[in-house]
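Shown next: input34.cif, containing mmCIF, C-alpha atoms.
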```
data_work
#
loop_
_atom_site.label_atom_id
_atom_site.label_comp_id
_atom_site.auth_asym_id
_atom_site.auth_seq_id
_atom_site.Cartn_x
_atom_site.Cartn_y
_atom_site.Cartn_z
CA MET K 1 14.15 -18.01 -0.42
CA SER K 2 10.76 -16.61 0.47
CA GLU K 3 8.84 -13.82 -1.17
CA VAL K 4 6.78 -11.19 0.57
CA VAL K 5 3.89 -9.55 -1.24
CA THR K 6 1.66 -6.93 0.26
CA PHE K 7 -1.24 -5.05 -1.26
CA THR K 8 -2.21 -1.62 0.01
CA LYS K 9 -5.36 0.34 -0.75
CA SER K 10 -6.39 3.75 0.53
CA TYR K 11 -9.73 4.97 1.75
CA ARG K 12 -11.03 8.31 2.88
CA PHE K 13 -13.50 9.39 5.49
CA SER K 14 -14.33 12.62 7.21
CA ALA K 15 -15.20 12.79 10.86
CA GLY K 16 -15.53 15.20 13.74
CA HIS K 17 -14.16 14.85 17.23
CA ARG K 18 -13.38 16.62 20.44
CA LEU K 19 -10.60 15.55 22.78
CA TYR K 20 -11.81 16.11 26.32
CA ILE K 21 -11.36 14.41 29.68
CA LYS K 22 -14.68 14.60 31.47
CA GLY K 23 -13.37 14.93 35.02
CA LEU K 24 -11.18 17.95 34.22
CA SER K 25 -12.00 21.62 33.81
CA ASP K 26 -12.05 23.31 30.40
CA GLU K 27 -8.77 25.04 31.29
CA GLU K 28 -7.06 21.78 32.20
CA ASN K 29 -8.37 20.14 29.03
CA PHE K 30 -7.09 23.06 26.98
CA ARG K 31 -3.70 22.68 28.63
CA ILE K 32 -3.58 19.00 27.56
CA PHE K 33 -5.38 19.03 24.22
CA ASP K 34 -5.13 22.67 23.17
CA SER K 35 -7.65 23.63 20.45
CA CYS K 36 -8.60 19.95 20.05
CA SER K 37 -10.70 20.45 23.19
CA ASN K 38 -12.74 23.35 21.79
CA SER K 39 -16.30 22.91 22.97
CA ALA K 40 -18.12 22.30 19.68
CA GLY K 41 -15.52 19.93 18.24
CA HIS K 42 -13.79 20.00 14.87
CA GLY K 43 -13.09 17.54 12.07
CA HIS K 44 -10.55 16.06 9.69
CA ASP K 45 -10.41 14.37 6.32
CA TYR K 46 -8.86 11.07 7.31
CA TYR K 47 -6.87 9.00 4.85
CA LEU K 48 -6.60 5.33 5.73
CA GLU K 49 -4.12 2.92 4.14
CA VAL K 50 -4.96 -0.75 4.63
CA LYS K 51 -2.14 -3.21 3.97
CA VAL K 52 -2.76 -6.93 3.58
CA ALA K 53 -0.37 -9.78 2.84
CA GLY K 54 -0.61 -13.18 1.27
CA GLY K 55 0.63 -15.25 -1.61
CA ILE K 56 -0.07 -14.29 -5.21
CA ASP K 57 -2.92 -16.57 -6.30
CA SER K 58 -1.61 -18.50 -9.29
CA VAL K 59 -4.93 -18.22 -11.13
CA THR K 60 -6.04 -14.65 -10.44
CA GLY K 61 -2.54 -13.20 -10.05
CA ARG K 62 -3.69 -11.35 -6.98
CA VAL K 63 -3.24 -11.27 -3.23
CA ILE K 64 -6.83 -10.08 -2.88
CA SER K 65 -9.17 -8.41 -5.32
CA PRO K 66 -9.57 -4.69 -4.66
CA GLU K 67 -13.35 -5.15 -4.73
CA GLU K 68 -13.16 -7.83 -2.05
CA LEU K 69 -11.07 -5.55 0.12
CA ASP K 70 -13.57 -2.74 -0.49
CA ARG K 71 -16.39 -4.99 0.69
CA ALA K 72 -14.55 -5.58 3.95
CA VAL K 73 -13.39 -2.01 4.55
CA THR K 74 -16.25 0.17 3.32
CA PRO K 75 -18.85 -0.85 5.96
CA VAL K 76 -16.30 -0.15 8.71
CA ILE K 77 -15.50 3.27 7.27
CA GLU K 78 -19.23 3.98 6.84
CA GLU K 79 -19.63 3.78 10.63
CA LEU K 80 -17.19 6.69 10.98
CA ASP K 81 -17.79 8.81 7.91
CA TYR K 82 -19.51 12.13 8.60
CA LYS K 83 -19.90 11.23 12.27
CA ARG K 84 -18.97 13.05 15.41
CA LEU K 85 -16.88 10.21 16.80
CA ASP K 86 -17.07 10.86 20.53
CA ILE K 87 -20.86 11.29 20.42
CA GLU K 88 -22.11 9.04 17.62
CA VAL K 89 -19.75 6.05 17.72
CA PRO K 90 -20.18 4.04 20.95
CA TYR K 91 -16.53 2.85 21.01
CA PHE K 92 -15.37 6.41 21.63
CA ARG K 93 -17.79 7.25 24.44
CA ASP K 94 -15.22 6.20 27.01
CA ARG K 95 -12.05 6.62 24.94
CA GLN K 96 -10.50 9.72 23.45
CA PRO K 97 -11.20 9.75 19.68
CA THR K 98 -7.51 10.24 18.89
CA GLY K 99 -5.77 8.85 15.81
CA GLU K 100 -4.23 6.19 18.05
CA HIS K 101 -7.64 4.97 19.22
CA ILE K 102 -9.23 5.29 15.78
CA THR K 103 -6.57 3.03 14.21
CA GLU K 104 -7.04 0.51 17.04
CA TYR K 105 -10.81 0.59 16.51
CA ILE K 106 -10.47 0.12 12.74
CA TRP K 107 -8.00 -2.75 13.21
CA ASN K 108 -10.36 -4.56 15.58
CA CYS K 109 -13.30 -4.13 13.19
CA LEU K 110 -11.33 -5.04 10.06
CA GLU K 111 -9.24 -7.99 11.13
CA PRO K 112 -12.05 -10.57 11.26
CA ARG K 113 -13.59 -9.22 8.05
CA ILE K 114 -10.54 -9.54 5.81
CA PRO K 115 -10.10 -12.86 4.01
CA CYS K 116 -6.27 -12.63 3.94
CA LYS K 117 -3.87 -11.25 6.52
CA LEU K 118 -4.25 -7.67 7.73
CA VAL K 119 -0.71 -6.51 8.47
CA HIS K 120 -0.59 -2.74 8.74
CA LEU K 121 -2.80 0.34 9.07
CA ARG K 122 -1.76 3.91 8.49
CA LEU K 123 -4.17 6.70 9.30
CA SER K 124 -3.32 10.22 8.17
CA GLU K 125 -5.18 12.83 10.15
CA THR K 126 -3.61 15.82 8.42
CA GLU K 127 -0.91 16.31 5.80
CA SER K 128 1.65 16.43 8.58
CA SER K 129 0.59 13.69 10.97
CA TYR K 130 -0.24 10.03 10.72
CA PHE K 131 -0.70 7.03 13.00
CA GLU K 132 0.32 3.42 12.40
CA TYR K 133 -0.98 0.22 13.94
CA PHE K 134 0.26 -3.33 13.51
CA GLN K 135 1.18 -6.41 15.50
CA GLU K 136 4.84 -6.55 16.37
CA GLU K 137 5.42 -9.92 14.77
CA GLU K 138 4.02 -8.52 11.50
CA CYS K 139 6.82 -5.94 11.20
CA PRO K 140 8.48 -8.00 8.44
CA TYR K 141 5.63 -6.93 6.17
CA GLU K 142 6.55 -3.27 6.44
CA ARG K 143 9.68 -2.54 4.53
CA MET T 1 24.70 -1.58 16.01
CA GLY T 2 24.46 -1.31 12.26
CA TYR T 3 22.34 1.12 10.31
CA ARG T 4 20.34 0.29 7.24
CA LYS T 5 20.93 2.63 4.33
CA LEU T 6 18.41 2.77 1.51
CA LEU T 7 18.09 4.67 -1.72
CA THR T 8 14.86 4.87 -3.70
CA LYS T 9 14.34 6.04 -7.26
CA LYS T 10 10.88 6.60 -8.72
CA MET T 11 9.94 6.24 -12.34
CA GLU T 12 6.58 6.34 -14.05
CA PHE T 13 5.41 4.26 -16.94
CA SER T 14 2.08 3.99 -18.68
CA ALA T 15 0.83 0.61 -19.76
CA SER T 16 -2.28 -1.17 -20.79
CA HIS T 17 -3.42 -4.53 -19.51
CA ARG T 18 -6.30 -6.92 -19.44
CA TYR T 19 -7.15 -9.40 -16.70
CA TRP T 20 -8.18 -12.51 -18.53
CA ASN T 21 -7.83 -16.22 -17.89
CA PRO T 22 -8.18 -18.06 -21.24
CA GLU T 23 -9.37 -21.20 -19.47
CA TRP T 24 -12.45 -19.47 -18.10
CA SER T 25 -15.63 -18.41 -19.83
CA GLU T 26 -16.27 -14.75 -20.55
CA GLU T 27 -18.84 -14.82 -17.74
CA LYS T 28 -16.39 -16.20 -15.17
CA ASN T 29 -13.68 -13.72 -16.22
CA ARG T 30 -16.20 -10.89 -15.76
CA GLU T 31 -17.23 -12.29 -12.40
CA ILE T 32 -13.67 -12.52 -11.07
CA PHE T 33 -11.98 -9.57 -12.76
CA GLY T 34 -14.92 -7.21 -13.31
CA LYS T 35 -14.23 -4.24 -15.56
CA SER T 36 -10.59 -5.30 -15.85
CA ALA T 37 -11.69 -8.15 -18.18
CA GLY T 38 -12.81 -5.76 -20.96
CA PRO T 39 -11.73 -7.08 -24.39
CA TYR T 40 -9.40 -4.25 -25.39
CA GLY T 41 -7.66 -3.70 -22.09
CA HIS T 42 -7.25 -0.43 -20.24
CA GLY T 43 -4.31 1.49 -18.89
CA HIS T 44 -2.73 3.04 -15.85
CA ASN T 45 0.02 5.46 -15.03
CA TYR T 46 2.14 3.19 -12.92
CA CYS T 47 4.74 4.57 -10.59
CA LEU T 48 7.63 2.29 -9.73
CA GLU T 49 9.68 2.93 -6.60
CA LEU T 50 12.84 0.89 -6.65
CA THR T 51 14.70 0.69 -3.36
CA VAL T 52 18.33 -0.37 -3.16
CA GLU T 53 20.11 -1.24 0.07
CA GLY T 54 23.83 -1.00 0.52
CA GLU T 55 26.94 0.59 1.92
CA VAL T 56 27.77 4.22 1.28
CA ASP T 57 30.97 4.39 -0.76
CA PRO T 58 33.34 6.64 1.22
CA GLU T 59 34.67 8.33 -1.94
CA THR T 60 31.47 9.00 -3.87
CA GLY T 61 29.15 9.19 -0.86
CA MET T 62 26.71 7.03 -2.79
CA ILE T 63 25.14 3.59 -2.36
CA ILE T 64 24.67 3.42 -6.13
CA ASN T 65 25.04 6.17 -8.70
CA LEU T 66 21.51 7.49 -9.26
CA ASP T 67 22.28 8.21 -12.90
CA ASP T 68 23.34 4.60 -13.44
CA LEU T 69 20.19 3.40 -11.68
CA LYS T 70 18.09 5.76 -13.79
CA THR T 71 19.66 4.35 -16.96
CA ILE T 72 18.97 0.76 -15.88
CA MET T 73 15.37 1.60 -14.93
CA LYS T 74 14.77 3.35 -18.24
CA GLU T 75 16.13 0.38 -20.17
CA VAL T 76 14.04 -2.12 -18.22
CA LEU T 77 10.87 -0.05 -18.44
CA GLU T 78 11.14 0.24 -22.21
CA ASP T 79 9.43 -3.16 -22.33
CA PHE T 80 6.59 -1.81 -20.18
CA ASP T 81 6.09 1.85 -21.07
CA HIS T 82 3.35 2.54 -23.61
CA LYS T 83 2.88 -1.18 -24.10
CA HIS T 84 -0.09 -3.48 -23.83
CA LEU T 85 1.44 -5.88 -21.33
CA ASN T 86 -0.61 -8.94 -22.40
CA GLU T 87 0.23 -8.41 -26.06
CA ASP T 88 3.62 -6.73 -26.17
CA ASN T 89 5.55 -8.15 -23.22
CA ALA T 90 6.47 -11.85 -23.41
CA ARG T 91 6.64 -12.14 -19.61
CA PHE T 92 2.86 -11.83 -19.49
CA LYS T 93 2.01 -14.24 -22.26
CA ASP T 94 0.75 -16.77 -19.71
CA LEU T 95 0.66 -14.57 -16.64
CA VAL T 96 -2.16 -12.19 -15.68
CA PRO T 97 -0.55 -8.72 -15.54
CA THR T 98 -1.90 -7.79 -12.13
CA THR T 99 0.07 -5.28 -10.11
CA GLU T 100 1.26 -8.18 -7.93
CA ASN T 101 2.61 -10.10 -10.93
CA ILE T 102 4.15 -7.00 -12.52
CA ALA T 103 5.92 -6.28 -9.22
CA ARG T 104 7.22 -9.86 -9.08
CA VAL T 105 8.46 -9.70 -12.69
CA LEU T 106 10.12 -6.34 -12.04
CA TRP T 107 11.84 -7.78 -8.95
CA GLU T 108 13.23 -10.65 -11.03
CA ILE T 109 14.49 -8.34 -13.77
CA PHE T 110 16.04 -5.75 -11.47
CA GLU T 111 17.56 -8.39 -9.21
CA ASP T 112 19.38 -9.71 -12.30
CA ARG T 113 20.41 -6.25 -13.44
CA LEU T 114 21.80 -5.27 -10.05
CA GLU T 115 23.49 -8.60 -9.43
CA GLY T 116 27.26 -8.79 -9.07
CA SER T 117 27.84 -5.87 -6.74
CA GLU T 118 28.96 -6.58 -3.22
CA LYS T 119 28.09 -3.03 -2.25
CA TYR T 120 24.38 -2.93 -2.94
CA ARG T 121 21.38 -5.14 -3.54
CA LEU T 122 17.75 -4.78 -4.48
CA TYR T 123 15.68 -4.20 -1.35
CA ARG T 124 12.07 -3.55 -2.36
CA VAL T 125 9.85 -3.04 -5.36
CA ARG T 126 6.87 -0.79 -4.70
CA LEU T 127 4.49 -0.44 -7.61
CA HIS T 128 1.66 2.08 -7.53
CA GLU T 129 -1.13 1.20 -9.93
CA THR T 130 -3.21 4.24 -9.03
CA ARG T 131 -2.86 6.88 -6.35
CA ASP T 132 -4.92 4.70 -4.05
CA MET T 133 -3.33 1.30 -4.60
CA TYR T 134 0.13 -0.15 -4.46
CA VAL T 135 1.91 -3.47 -4.08
CA ASP T 136 5.16 -4.12 -2.23
CA TYR T 137 7.30 -7.08 -3.26
CA TRP T 138 10.58 -8.40 -1.99
CA ARG T 139 12.43 -11.67 -1.44
CA ASP T 140 14.18 -12.67 1.73
CA GLY T 141 16.85 -15.14 2.73
CA GLN T 142 19.05 -15.18 -0.33
#
```
Step by step, read the file and then write its structure as structure tokens.
Amino acid sequence: MSEVVTFTKSYRFSAGHRLYIKGLSDEENFRIFDSCSNSAGHGHDYYLEVKVAGGIDSVTGRVISPEELDRAVTPVIEELDYKRLDIEVPYFRDRQPTGEHITEYIWNCLEPRIPCKLVHLRLSETESSYFEYFQEEECPYER
Amino acid sequence: MGYRKLLTKKMEFSASHRYWNPEWSEEKNREIFGKSAGPYGHGHNYCLELTVEGEVDPETGMIINLDDLKTIMKEVLEDFDHKHLNEDNARFKDLVPTTENIARVLWEIFEDRLEGSEKYRLYRVRLHETRDMYVDYWRDGQ
């Protein structure tokens, strides 16, 4: 019998973005992205849940210390917080700053920084929409 | 193709704990556990989400009677609610009462309490320590 233990901690950041395909007219962009393509951009309070997995350390009783996770996550979030993503964060200069791409960006930044196994990200953009990102073989960690 | 049917009941409890390894110096405990090593402990409003998997009984329409589950959860959580886990709960006499370890202990207790039914089984323990932090625990391959 094997046990599965995951630890999840949430973080917040606020960022602005505009969804816009450069080769298309404003009308065509509006047809695809609606008000998300408005010329001056807009922003959200993002809520990020970072889930890691590992054994419970027999001495500390933990999978990871929350402070250790903070040290890995906070600098990544700092790069996004209070930024206009498509202008100020190079990754989004040639990608739409959608929730899908933001989770992918955060995963790529976080994975090498986390001392145990990153297994799942959930990014809430509003109360009514969120995005998830994980490797398929890690599905067993999400139950 | 089969469908998985789950039922989850939430219950809060408030408990105090201290992260402390008696084999370490005060300094090392502070270094590893930070504020959580304070001598008198501190508390949280924990929220337990207990998820049960099973078949829906055709007569009652239930996987498990929620009232029965509520009764079991209340009984179990009596040993946790308004307790100092290190001092008042024997399970943590030699075990640091981290959220991970509390989740593991709760799994073991609830697995025992729900044992014996062919219709349902414990599926997941999710324990929120604060609004921003939770631990999931389950065992596979019975």
Worksheet item: In Å to one decimal, how far is atom CA of K:Pro75 from atom CA of K:Asn38?
Response: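 Interatomic distance here is 29.6 Å.
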Item to complete: Would you give me, as a PyMOL selection string, the residues of chain T that come within 7 Å of chain K, using all atoms listed in the file?
Response: chain T and resi 96+98+100-101+132-142
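Atom pair atom CA of K:His42 / atom CA of K:Leu19: separated by 9.6 Å.
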Worksheet entry | Near-K:Tyr91 list (12 Å; only C-alpha atoms; drop same-chain fewer than 2 positions) as a PyMOL selection string | chain K and resi 79-80+84-89+93-98+101-102+104-106+108-109
How would the residues just chosen look if you wrote them out with C-alpha atoms as a CSV table (one decimal), in the frame of the given file?
```
chain,number,residue,atom,x,y,z
K,79,GLU,CA,-19.6,3.8,10.6
K,80,LEU,CA,-17.2,6.7,11.0
K,84,ARG,CA,-19.0,13.0,15.4
K,85,LEU,CA,-16.9,10.2,16.8
K,86,ASP,CA,-17.1,10.9,20.5
K,87,ILE,CA,-20.9,11.3,20.4
K,88,GLU,CA,-22.1,9.0,17.6
K,89,VAL,CA,-19.8,6.0,17.7
K,93,ARG,CA,-17.8,7.2,24.4
K,94,ASP,CA,-15.2,6.2,27.0
K,95,ARG,CA,-12.0,6.6,24.9
K,96,GLN,CA,-10.5,9.7,23.4
K,97,PRO,CA,-11.2,9.8,19.7
K,98,THR,CA,-7.5,10.2,18.9
K,101,HIS,CA,-7.6,5.0,19.2
K,102,ILE,CA,-9.2,5.3,15.8
K,104,GLU,CA,-7.0,0.5,17.0
K,105,TYR,CA,-10.8,0.6,16.5
K,106,ILE,CA,-10.5,0.1,12.7
K,108,ASN,CA,-10.4,-4.6,15.6
K,109,CYS,CA,-13.3,-4.1,13.2
```
Item to complete: Write out as JSON, numbers by chain the residues lying within 12 Å of stretch 113-116 of chain T, counting only C-alpha atoms and excluding same-chain residues fewer than 5 positions away.
Response: {"T": [50, 51, 52, 53, 54, 64, 65, 68, 69, 71, 72, 73, 75, 76, 106, 107, 108, 121, 122, 123]}
Discussion item. Every residue with an atom at most 12 Å from (27.9, 2.5, 10.9) (file coordinates; all atoms listed in the file) is what I'm after, so could you write them as JSON, numbers by chain?
Written reply: {"T": [1, 2, 3, 4, 5, 54, 55, 56, 58]}
Worksheet item: Can you tell me how far atom CA of T:Tyr120 sits from atom CA of K:Glu137, in Å to one decimal?
Response: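 Atom-to-atom, atom CA of T:Tyr120 and atom CA of K:Glu137 are spaced 26.9 Å apart.
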Practice prompt. Pick out the residues sitting within 6 Å of K:Ser124, and hand them over as a list in words; count all atoms listed in the file, and ignore anything fewer than 4 positions along from it in its own chain.
Written response: Tyr46, Tyr47, Ser129 and Tyr130 of chain K
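Comparing K:His44, K:Ser37, K:Leu118, K:Trp107 by their smallest distance to K:Ser25, the closest is K:Ser37 (using all atoms listed in the file).
Once the PyMOL selection byres ((chain T and resi 84) around 6) is applied to the depicted file, the selected set reads Ala15, Ser16, His17, Lys83, Leu85, Asn86, Glu87 and Asp88 of chain T.
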Near T:Gly38, within 10 Å and counting all atoms listed in the file, which residues show up once chain neighbours fewer than 2 positions away are dropped, as a PDB file with C-alpha atoms, in the coordinates of the input?
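Output file selection01.pdb is given in full below:
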```pdb
ATOM      1  CA  HIS T  17      -3.420  -4.530 -19.510  1.00  0.00           C
ATOM      2  CA  ARG T  18      -6.300  -6.920 -19.440  1.00  0.00           C
ATOM      3  CA  TYR T  19      -7.150  -9.400 -16.700  1.00  0.00           C
ATOM      4  CA  TRP T  20      -8.180 -12.510 -18.530  1.00  0.00           C
ATOM      5  CA  GLU T  26     -16.270 -14.750 -20.550  1.00  0.00           C
ATOM      6  CA  ASN T  29     -13.680 -13.720 -16.220  1.00  0.00           C
ATOM      7  CA  ARG T  30     -16.200 -10.890 -15.760  1.00  0.00           C
ATOM      8  CA  PHE T  33     -11.980  -9.570 -12.760  1.00  0.00           C
ATOM      9  CA  GLY T  34     -14.920  -7.210 -13.310  1.00  0.00           C
ATOM     10  CA  LYS T  35     -14.230  -4.240 -15.560  1.00  0.00           C
ATOM     11  CA  SER T  36     -10.590  -5.300 -15.850  1.00  0.00           C
ATOM     12  CA  TYR T  40      -9.400  -4.250 -25.390  1.00  0.00           C
ATOM     13  CA  GLY T  41      -7.660  -3.700 -22.090  1.00  0.00           C
ATOM     14  CA  HIS T  42      -7.250  -0.430 -20.240  1.00  0.00           C
TER      15      HIS T  42
END
```
Who sits within 8 Å of stretch 127-130 of chain T, all atoms listed in the file, same chain under 4 positions skipped, as a short mmCIF file (atom, residue, chain, number, x, y, z; two decimals) with C-alpha atoms, in the coordinates of the input:
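Produced file around_32.cif, reproduced below:
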```
data_model
loop_
_atom_site.label_atom_id
_atom_site.label_comp_id
_atom_site.auth_asym_id
_atom_site.auth_seq_id
_atom_site.Cartn_x
_atom_site.Cartn_y
_atom_site.Cartn_z
CA HIS T 44 -2.73 3.04 -15.85
CA ASN T 45 0.02 5.46 -15.03
CA TYR T 46 2.14 3.19 -12.92
CA CYS T 47 4.74 4.57 -10.59
CA LEU T 48 7.63 2.29 -9.73
CA GLU T 49 9.68 2.93 -6.60
CA THR T 99 0.07 -5.28 -10.11
CA ALA T 103 5.92 -6.28 -9.22
CA TYR T 134 0.13 -0.15 -4.46
CA VAL T 135 1.91 -3.47 -4.08
CA ASP T 136 5.16 -4.12 -2.23
#
```
Padded axis-aligned box of stretch 48-64 of chain K (8 Å per side), centre and edge lengths, Å, one decimal, as JSON:
```
{"center_x": -3.1, "center_y": -6.6, "center_z": -2.7, "size_x": 23.5, "size_y": 39.8, "size_z": 32.9}
```
Provide stretch 119-137 of chain K rebuilt to N, CA and C atoms, formatted as a PDB file, keeping the file's coordinate frame.
```pdb
ATOM      1  N   VAL K 119      -2.034  -6.635   7.855  1.00  0.00           N
ATOM      2  CA  VAL K 119      -0.710  -6.510   8.470  1.00  0.00           C
ATOM      3  C   VAL K 119      -0.353  -5.094   8.925  1.00  0.00           C
ATOM      4  N   HIS K 120      -1.020  -4.092   8.383  1.00  0.00           N
ATOM      5  CA  HIS K 120      -0.590  -2.740   8.740  1.00  0.00           C
ATOM      6  C   HIS K 120      -1.689  -1.729   8.423  1.00  0.00           C
ATOM      7  N   LEU K 121      -1.886  -0.781   9.326  1.00  0.00           N
ATOM      8  CA  LEU K 121      -2.800   0.340   9.070  1.00  0.00           C
ATOM      9  C   LEU K 121      -2.042   1.638   9.230  1.00  0.00           C
ATOM     10  N   ARG K 122      -2.312   2.559   8.332  1.00  0.00           N
ATOM     11  CA  ARG K 122      -1.760   3.910   8.490  1.00  0.00           C
ATOM     12  C   ARG K 122      -2.919   4.881   8.331  1.00  0.00           C
ATOM     13  N   LEU K 123      -3.080   5.742   9.326  1.00  0.00           N
ATOM     14  CA  LEU K 123      -4.170   6.700   9.300  1.00  0.00           C
ATOM     15  C   LEU K 123      -3.588   8.108   9.310  1.00  0.00           C
ATOM     16  N   SER K 124      -3.774   8.830   8.209  1.00  0.00           N
ATOM     17  CA  SER K 124      -3.320  10.220   8.170  1.00  0.00           C
ATOM     18  C   SER K 124      -4.453  11.112   8.634  1.00  0.00           C
ATOM     19  N   GLU K 125      -4.156  11.931   9.629  1.00  0.00           N
ATOM     20  CA  GLU K 125      -5.180  12.830  10.150  1.00  0.00           C
ATOM     21  C   GLU K 125      -5.090  14.194   9.459  1.00  0.00           C
ATOM     22  N   THR K 126      -3.860  14.597   9.181  1.00  0.00           N
ATOM     23  CA  THR K 126      -3.610  15.820   8.420  1.00  0.00           C
ATOM     24  C   THR K 126      -2.446  15.509   7.476  1.00  0.00           C
ATOM     25  N   GLU K 127      -2.058  16.489   6.690  1.00  0.00           N
ATOM     26  CA  GLU K 127      -0.910  16.310   5.800  1.00  0.00           C
ATOM     27  C   GLU K 127       0.366  16.021   6.586  1.00  0.00           C
ATOM     28  N   SER K 128       0.381  16.504   7.848  1.00  0.00           N
ATOM     29  CA  SER K 128       1.650  16.430   8.580  1.00  0.00           C
ATOM     30  C   SER K 128       1.628  15.436   9.739  1.00  0.00           C
ATOM     31  N   SER K 129       0.552  14.673   9.886  1.00  0.00           N
ATOM     32  CA  SER K 129       0.590  13.690  10.970  1.00  0.00           C
ATOM     33  C   SER K 129      -0.153  12.421  10.587  1.00  0.00           C
ATOM     34  N   TYR K 130       0.452  11.300  10.937  1.00  0.00           N
ATOM     35  CA  TYR K 130      -0.240  10.030  10.720  1.00  0.00           C
ATOM     36  C   TYR K 130       0.066   9.058  11.843  1.00  0.00           C
ATOM     37  N   PHE K 131      -0.793   8.037  11.942  1.00  0.00           N
ATOM     38  CA  PHE K 131      -0.700   7.030  13.000  1.00  0.00           C
ATOM     39  C   PHE K 131      -0.602   5.656  12.337  1.00  0.00           C
ATOM     40  N   GLU K 132       0.188   4.769  12.955  1.00  0.00           N
ATOM     41  CA  GLU K 132       0.320   3.420  12.400  1.00  0.00           C
ATOM     42  C   GLU K 132      -0.057   2.402  13.466  1.00  0.00           C
ATOM     43  N   TYR K 133      -0.576   1.271  13.024  1.00  0.00           N
ATOM     44  CA  TYR K 133      -0.980   0.220  13.940  1.00  0.00           C
ATOM     45  C   TYR K 133      -0.706  -1.130  13.318  1.00  0.00           C
ATOM     46  N   PHE K 134      -0.004  -1.980  14.005  1.00  0.00           N
ATOM     47  CA  PHE K 134       0.260  -3.330  13.510  1.00  0.00           C
ATOM     48  C   PHE K 134       0.746  -4.192  14.661  1.00  0.00           C
ATOM     49  N   GLN K 135       0.673  -5.510  14.470  1.00  0.00           N
ATOM     50  CA  GLN K 135       1.180  -6.410  15.500  1.00  0.00           C
ATOM     51  C   GLN K 135       2.686  -6.506  15.331  1.00  0.00           C
ATOM     52  N   GLU K 136       3.383  -6.570  16.449  1.00  0.00           N
ATOM     53  CA  GLU K 136       4.840  -6.550  16.370  1.00  0.00           C
ATOM     54  C   GLU K 136       5.418  -7.627  15.481  1.00  0.00           C
ATOM     55  N   GLU K 137       4.834  -8.829  15.561  1.00  0.00           N
ATOM     56  CA  GLU K 137       5.420  -9.920  14.770  1.00  0.00           C
ATOM     57  C   GLU K 137       5.148  -9.744  13.278  1.00  0.00           C
TER      58      GLU K 137
END
```
